[in-house]
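A.B. asks: Compact mmCIF, C-alpha atoms, saved as target-v9.txt, coming up:
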```txt
# COMPACT_ATOMS: atom_id res chain seq x y z
CA MET F 1 -35.82 -16.54 34.35
CA ASP F 2 -35.74 -16.29 30.62
CA SER F 3 -39.23 -16.73 29.25
CA ARG F 4 -38.24 -16.49 25.58
CA THR F 5 -38.57 -19.43 23.25
CA TYR F 6 -35.48 -21.45 22.34
CA ILE F 7 -35.32 -19.90 18.89
CA GLY F 8 -35.66 -16.43 20.42
CA ARG F 9 -32.68 -17.04 22.70
CA VAL F 10 -30.27 -18.11 19.98
CA ARG F 11 -31.38 -15.71 17.28
CA GLY F 12 -28.62 -13.24 16.40
CA LEU F 13 -25.91 -15.19 18.21
CA GLY F 14 -24.77 -17.30 15.29
CA SER F 15 -22.80 -16.62 12.17
CA ALA F 16 -24.27 -13.91 9.99
CA LYS F 17 -22.70 -15.65 7.00
CA HIS F 18 -20.44 -12.63 6.53
CA GLY F 19 -17.38 -14.10 8.24
CA GLY F 20 -15.40 -14.48 5.04
CA GLU F 21 -16.24 -11.06 3.66
CA HIS F 22 -13.11 -9.25 4.81
CA TRP F 23 -10.81 -12.06 3.68
CA LEU F 24 -12.47 -12.36 0.30
CA LYS F 25 -12.58 -8.60 -0.34
CA GLN F 26 -8.88 -8.36 0.43
CA ARG F 27 -8.10 -11.04 -2.17
CA LEU F 28 -10.43 -9.61 -4.81
CA THR F 29 -8.96 -6.11 -4.43
CA ALA F 30 -5.49 -7.70 -4.49
CA ILE F 31 -6.22 -9.23 -7.91
CA GLY F 32 -7.65 -5.90 -9.08
CA ASN F 33 -4.51 -4.15 -7.86
CA ILE F 34 -2.26 -6.54 -9.79
CA LEU F 35 -4.11 -5.64 -13.00
CA LEU F 36 -4.46 -1.90 -12.38
CA THR F 37 -0.96 -1.20 -11.05
CA THR F 38 0.54 -3.25 -13.90
CA TRP F 39 -1.40 -0.98 -16.25
CA LEU F 40 0.05 2.10 -14.50
CA VAL F 41 3.64 0.80 -14.47
CA VAL F 42 3.50 -0.16 -18.16
CA SER F 43 1.91 3.22 -19.04
CA LEU F 44 4.70 5.05 -17.20
CA LEU F 45 7.42 2.99 -18.89
CA LEU F 46 5.90 3.80 -22.31
CA MET F 47 5.43 7.52 -21.57
CA PRO F 48 7.27 9.59 -24.22
CA ASN F 49 8.28 12.24 -21.68
CA PHE F 50 7.31 13.40 -18.20
CA ASP F 51 6.44 17.08 -18.81
CA GLN F 52 3.40 18.30 -16.90
CA ALA F 53 1.55 19.09 -20.17
CA THR F 54 2.12 15.57 -21.54
CA LEU F 55 1.03 13.93 -18.29
CA ALA F 56 -2.05 16.17 -17.95
CA GLN F 57 -3.18 15.38 -21.50
CA TRP F 58 -2.55 11.70 -20.88
CA LEU F 59 -4.50 11.70 -17.60
CA ALA F 60 -7.44 13.65 -19.07
CA GLN F 61 -8.26 10.90 -21.61
CA PRO F 62 -11.26 8.72 -20.67
CA THR F 63 -9.19 5.56 -21.29
CA VAL F 64 -6.72 6.74 -18.65
CA ALA F 65 -8.97 8.63 -16.20
CA VAL F 66 -11.33 5.65 -15.78
CA PRO F 67 -8.67 3.03 -14.90
CA MET F 68 -6.92 5.62 -12.72
CA ILE F 69 -10.11 6.24 -10.70
CA LEU F 70 -10.70 2.47 -10.50
CA MET F 71 -7.13 2.06 -9.30
CA ILE F 72 -7.58 4.70 -6.59
CA VAL F 73 -10.79 3.06 -5.32
CA ASN F 74 -9.25 -0.41 -5.44
CA ILE F 75 -5.93 0.53 -3.80
CA PHE F 76 -7.58 2.53 -1.03
CA THR F 77 -10.10 -0.24 -0.31
CA HIS F 78 -7.28 -2.78 -0.12
CA ALA F 79 -5.25 -0.46 2.15
CA ARG F 80 -8.30 0.11 4.37
CA LEU F 81 -8.70 -3.66 4.83
CA GLY F 82 -4.98 -4.20 5.43
CA LEU F 83 -4.52 -1.38 7.94
CA GLN F 84 -7.63 -2.62 9.76
CA VAL F 85 -5.81 -5.91 10.40
CA LEU F 86 -2.77 -4.02 11.71
CA ILE F 87 -4.97 -2.09 14.14
CA GLU F 88 -6.77 -5.25 15.27
CA ASP F 89 -3.43 -7.00 15.84
CA TYR F 90 -1.52 -4.25 17.62
CA VAL F 91 -4.05 -1.94 19.30
CA HIS F 92 -5.56 -3.83 22.24
CA ASP F 93 -7.33 -1.06 24.13
CA GLU F 94 -10.97 -0.90 22.99
CA GLY F 95 -11.15 2.90 23.09
CA LYS F 96 -7.90 3.38 21.19
CA LYS F 97 -8.98 0.72 18.69
CA PHE F 98 -12.24 2.57 18.06
CA GLY F 99 -10.34 5.84 17.61
CA ALA F 100 -7.75 4.28 15.31
CA MET F 101 -10.45 2.70 13.14
CA ALA F 102 -12.30 6.01 12.91
CA LEU F 103 -9.10 7.84 11.90
CA LEU F 104 -8.33 5.11 9.36
CA ASN F 105 -11.74 5.50 7.76
CA PHE F 106 -11.41 9.30 7.63
CA TYR F 107 -7.94 9.04 6.11
CA VAL F 108 -8.86 6.49 3.45
CA VAL F 109 -12.18 8.00 2.39
CA ALA F 110 -10.94 11.60 2.38
CA SER F 111 -7.80 10.85 0.40
CA ALA F 112 -9.59 8.58 -2.09
CA VAL F 113 -12.25 11.23 -2.75
CA PHE F 114 -9.49 13.83 -3.16
CA GLY F 115 -7.70 11.63 -5.72
CA ILE F 116 -10.89 10.88 -7.65
CA PHE F 117 -11.76 14.59 -7.72
CA VAL F 118 -8.32 15.53 -9.09
CA VAL F 119 -8.58 13.00 -11.91
CA ALA F 120 -12.25 13.80 -12.68
CA LYS F 121 -11.54 17.54 -12.80
CA LEU F 122 -8.76 17.01 -15.33
CA ALA F 123 -10.94 14.69 -17.40
CA PHE F 124 -14.01 16.97 -17.38
CA THR F 125 -12.44 20.41 -17.68
CA GLY F 126 -9.37 19.55 -19.74
CA ALA F 127 -5.71 19.93 -18.91
CA SER F 128 -4.73 23.30 -17.49
CA ALA F 129 -1.36 24.75 -18.42
CA MET A 1 -7.64 -8.85 35.75
CA LYS A 2 -6.25 -7.51 32.52
CA ASP A 3 -3.30 -9.13 30.73
CA ALA A 4 -1.15 -6.07 31.35
CA GLU A 5 -1.71 -6.30 35.11
CA ILE A 6 -0.81 -9.99 35.21
CA MET A 7 2.39 -9.24 33.29
CA ALA A 8 3.30 -6.45 35.71
CA LYS A 9 2.71 -8.73 38.72
CA ASN A 10 4.82 -11.64 37.57
CA PRO A 11 7.57 -10.77 35.11
CA ASN A 12 9.07 -14.27 35.47
CA ARG A 13 5.97 -16.08 34.31
CA PRO A 14 6.61 -18.74 31.68
CA LEU A 15 6.42 -17.40 28.13
CA SER A 16 5.79 -19.21 24.90
CA PRO A 17 8.74 -19.02 22.49
CA HIS A 18 8.58 -15.88 20.41
CA LEU A 19 10.44 -14.40 17.43
CA GLN A 20 13.83 -14.00 19.09
CA VAL A 21 14.37 -17.73 19.71
CA TYR A 22 13.89 -18.78 16.10
CA ARG A 23 16.52 -18.71 13.36
CA TRP A 24 15.34 -16.35 10.60
CA SER A 25 14.19 -17.98 7.39
CA PRO A 26 12.95 -16.47 4.11
CA GLN A 27 9.45 -17.71 4.96
CA MET A 28 9.44 -15.75 8.22
CA ALA A 29 11.02 -12.67 6.68
CA ILE A 30 8.56 -12.50 3.80
CA SER A 31 5.62 -12.62 6.19
CA ILE A 32 6.67 -9.58 8.21
CA PHE A 33 7.94 -7.82 5.08
CA HIS A 34 4.50 -8.20 3.50
CA ARG A 35 2.98 -6.38 6.45
CA ALA A 36 5.69 -3.71 6.71
CA THR A 37 5.71 -2.97 2.96
CA GLY A 38 1.90 -2.85 2.99
CA PHE A 39 2.07 -0.23 5.73
CA ILE A 40 4.62 1.85 3.77
CA LEU A 41 2.48 1.67 0.62
CA ALA A 42 -0.70 2.60 2.50
CA THR A 43 0.94 5.67 4.05
CA VAL A 44 3.91 7.10 2.10
CA GLY A 45 2.98 5.35 -1.15
CA MET A 46 -0.65 6.49 -1.34
CA ILE A 47 0.17 10.06 -0.27
CA THR A 48 2.90 10.25 -2.93
CA LEU A 49 0.44 8.95 -5.55
CA LEU A 50 -2.05 11.68 -4.59
CA TRP A 51 0.69 14.30 -4.54
CA TRP A 52 1.77 13.25 -8.05
CA LEU A 53 -1.82 13.29 -9.41
CA SER A 54 -2.66 16.65 -7.84
CA ALA A 55 0.66 18.10 -9.09
CA ILE A 56 -0.31 17.07 -12.64
CA GLY A 57 -3.77 18.59 -12.14
CA GLY A 58 -2.34 21.73 -10.54
CA GLY A 59 -0.40 22.88 -13.60
CA ALA A 60 3.21 23.32 -14.69
CA GLU A 61 4.30 25.24 -11.61
CA SER A 62 2.91 22.76 -9.12
CA TYR A 63 4.43 19.87 -11.11
CA ALA A 64 7.81 21.63 -11.05
CA THR A 65 7.58 21.75 -7.24
CA PHE A 66 6.85 18.02 -7.11
CA GLN A 67 9.84 17.32 -9.38
CA LYS A 68 12.11 19.60 -7.34
CA TYR A 69 11.40 17.58 -4.19
CA VAL A 70 11.03 14.04 -5.48
CA VAL A 71 13.13 13.87 -8.67
CA SER A 72 15.92 16.45 -8.73
CA ALA A 73 16.54 19.68 -6.83
CA GLY A 74 18.53 21.01 -9.81
CA GLU A 75 21.97 22.53 -10.30
CA SER A 76 21.34 25.76 -8.39
CA ALA A 77 19.91 24.06 -5.29
CA THR A 78 21.21 24.95 -1.83
CA GLY A 79 22.65 22.24 0.40
CA PHE A 80 19.40 22.13 2.36
CA GLU A 81 17.29 21.68 -0.79
CA THR A 82 19.59 18.88 -1.97
CA ALA A 83 19.29 17.18 1.41
CA ILE A 84 15.47 17.34 1.25
CA ASN A 85 15.61 16.00 -2.30
CA TRP A 86 17.68 13.01 -1.12
CA PHE A 87 15.25 12.41 1.72
CA PHE A 88 12.36 12.17 -0.78
CA ARG A 89 14.46 10.06 -3.14
CA LEU A 90 15.07 7.56 -0.33
CA LEU A 91 11.33 7.55 0.44
CA GLY A 92 10.72 6.95 -3.27
CA LEU A 93 13.17 4.06 -3.22
CA ALA A 94 11.43 2.60 -0.16
CA VAL A 95 8.02 2.91 -1.85
CA THR A 96 9.32 1.36 -5.09
CA PHE A 97 10.85 -1.61 -3.29
CA SER A 98 7.74 -1.94 -1.11
CA PHE A 99 5.53 -1.98 -4.20
CA PHE A 100 7.41 -4.83 -5.89
CA GLN A 101 7.96 -6.73 -2.65
CA HIS A 102 4.26 -6.49 -1.72
CA LEU A 103 3.28 -7.45 -5.28
CA ALA A 104 5.56 -10.52 -5.40
CA SER A 105 4.66 -11.55 -1.88
CA GLY A 106 0.97 -10.93 -2.58
CA ILE A 107 1.04 -13.19 -5.64
CA ARG A 108 2.69 -15.80 -3.43
CA HIS A 109 -0.17 -15.41 -0.95
CA LEU A 110 -2.76 -15.93 -3.70
CA VAL A 111 -0.97 -19.15 -4.70
CA LEU A 112 -0.92 -20.29 -1.06
CA ASP A 113 -4.64 -19.45 -0.83
CA ILE A 114 -5.50 -22.00 -3.50
CA GLY A 115 -3.63 -24.58 -1.44
CA ALA A 116 -0.39 -24.83 -3.40
CA GLY A 117 3.23 -24.30 -2.37
CA TYR A 118 3.20 -25.60 1.21
CA GLU A 119 5.91 -28.24 0.70
CA LEU A 120 8.91 -27.15 2.79
CA LYS A 121 11.31 -26.76 -0.08
CA ALA A 122 8.85 -25.10 -2.48
CA ASN A 123 7.66 -22.74 0.24
CA ARG A 124 11.21 -21.65 1.00
CA THR A 125 12.16 -21.31 -2.68
CA TRP A 126 9.19 -19.12 -3.56
CA ALA A 127 9.71 -16.94 -0.50
CA SER A 128 13.30 -16.30 -1.60
CA ALA A 129 12.21 -15.83 -5.21
CA ALA A 130 9.80 -13.06 -4.19
CA PHE A 131 12.67 -11.14 -2.55
CA VAL A 132 14.91 -11.60 -5.59
CA ALA A 133 12.14 -10.48 -7.98
CA ALA A 134 11.43 -7.37 -5.89
CA PHE A 135 15.15 -6.52 -5.75
CA PHE A 136 15.65 -6.76 -9.52
CA ALA A 137 12.42 -4.90 -10.35
CA THR A 138 13.47 -2.09 -7.99
CA ALA A 139 16.95 -1.99 -9.55
CA PHE A 140 15.35 -1.74 -13.00
CA VAL A 141 13.19 1.22 -11.93
CA VAL A 142 16.20 2.96 -10.36
CA LEU A 143 18.15 2.57 -13.63
CA PHE A 144 15.10 3.76 -15.62
CA VAL A 145 14.71 6.87 -13.45
CA ALA A 146 18.46 7.57 -13.50
CA SER A 147 18.64 7.39 -17.30
CA ARG A 148 15.36 9.20 -18.07
CA PHE A 149 15.46 12.00 -15.49
CA LEU A 150 18.96 12.40 -14.16
CA GLY A 151 20.96 11.84 -17.35
CA VAL A 152 23.11 9.15 -15.76
```
Now, as a test, write the supplied structure out as C-alpha cells.
C.D. replies:
Amino acid sequence: MDSRTYIGRVRGLGSAKHGGEHWLKQRLTAIGNILLTTWLVVSLLLMPNFDQATLAQWLAQPTVAVPMILMIVNIFTHARLGLQVLIEDYVHDEGKKFGAMALLNFYVVASAVFGIFVVAKLAFTGASA
Amino acid sequence: MKDAEIMAKNPNRPLSPHLQVYRWSPQMAISIFHRATGFILATVGMITLLWWLSAIGGGAESYATFQKYVVSAGESATGFETAINWFFRLLGLAVTFSFFQHLASGIRHLVLDIGAGYELKANRTWASAAFVAAFFATAFVVLFVASRFLGV
C-alpha cells in the first residue's frame, strides 16, 4: 500500500528537461570544431617553415595559445560525447558499460589537461630551445 | 531471460533484415564512415595532436624525434626505422582523410538537422559529394606535405 500523495508518486519520474542536452552539445561543439580546426589548418598552410623554434614561437603567442586551448577543450568534449554514443550502442553489459564510460572519462580529461598544460607552459614560460 | 540466452537457444529464430541484405548506397556508407572516422580521430587523431604539441613544447630534440617517426626517417635510416616511418605515415593519411571525411559528413549532418536535404536525390548527391570533397582535400594535403617536407 502506497500512502504517498499522487504528486509524491510521480515526482522524479518524468523528464528532467535535460533530454536534448547531449544532442545539442554535440552540435554546438561540432560548429566550434569547424571554426577552430579551420583556423588550425589555415595557420599550418600559411606557416613559413616547420622548424621546432618557429612552431614554438608561434604557439607561445596569446593569439595562438588561446584558440589552441579552446580547440583542445572543444575537440575533446565532442569526442567524449561521440565515443559515449559508441559505448552505449555496442557495449550491452551494464558492468562493462560502466567501466568503459569511466575509462573514456579518464582518457578524455587526462589527455585534454595534458594538452592544455603543454600549450600554457609554452605561452607562460616562453619557447625553449 | 537475457537476449543472448534466447539467441543461443534458437539460432533459427526469424531475424529482421540487417546490413548484409541491402545494396550499399552512398547514404549508408557515409553514415558508418562518420562513426568510423570519428573513432579514428578520437583515438589516433587526438593522440597525434597531443604528441605534436608536446614535441613542440619539448624542444628541438623532441621535435626531431616526432619528425623522424611521422614525417621522414631520413637518408641514414635502417630498414626497420623506414618501416616504422611508413606505418606512421599511413596512420597520418588515415587521420587526414578521417578529418576531412568527418568534417564534410558533419556539415551534412548539420544541414539535415535543420530539416533540409531529405529528398532522395539530394540526399544521395550530398552524401557522394562529402566523399569527393574529403578525397580531394586529403589529396591536397598529401601533395602539400610531399612538396614542403619530402622535396617531391
A.B. asks: So how far away is CA of Lys121 (chain F) from CA of Thr37 (chain F), in Å?
C.D. replies: 21.6 Å
A.B. asks: From the options F:Gly126, F:Gly14, F:Pro62, F:Gly19, which residue's atoms come nearest to chain A, counting only C-alpha atoms?
C.D. replies: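 With only C-alpha atoms as the atom set, the closest residue is F:Gly126.
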A.B. asks: Just give me the gap between CA of Leu70 (chain F) and CA of Leu93 (chain A) in Å, one decimal is fine.
C.D. replies: 25.0 Å
A.B. asks: Return as number ranges by chain the residues belonging to chain A that are within 7 Å of chain F, counting only C-alpha atoms.
C.D. replies: A: 42, 50, 53-54, 56-57, 59-60, 63
A.B. asks: Here is a test: counting all atoms listed in the file, which residue of A:Ala83, A:Val141, A:Leu41, A:Ala64 is nearest to Val95 (chain A)?
C.D. replies: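 Comparing A:Ala83, A:Val141, A:Leu41, A:Ala64 against Val95 (chain A), the winner is A:Leu41.
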A.B. asks: Separation of CA of Gly20 (chain F) and CA of Ile40 (chain A), in Å?
C.D. replies: 25.9 Å
A.B. asks: Nearest to Val145 (chain A): which of F:Val73, F:Val109, F:Val66, F:Leu44 is it, counting only C-alpha atoms?
C.D. replies: F:Leu44
A.B. asks: Compile the contact shell of region 122-137 of chain A as a ChimeraX atom specification: residues with an atom at most 8 Å away, counting only C-alpha atoms, same-chain residues fewer than 2 positions apart removed.
C.D. replies: /A:25-27,30,97,100-101,104-105,108,117-120,139-141
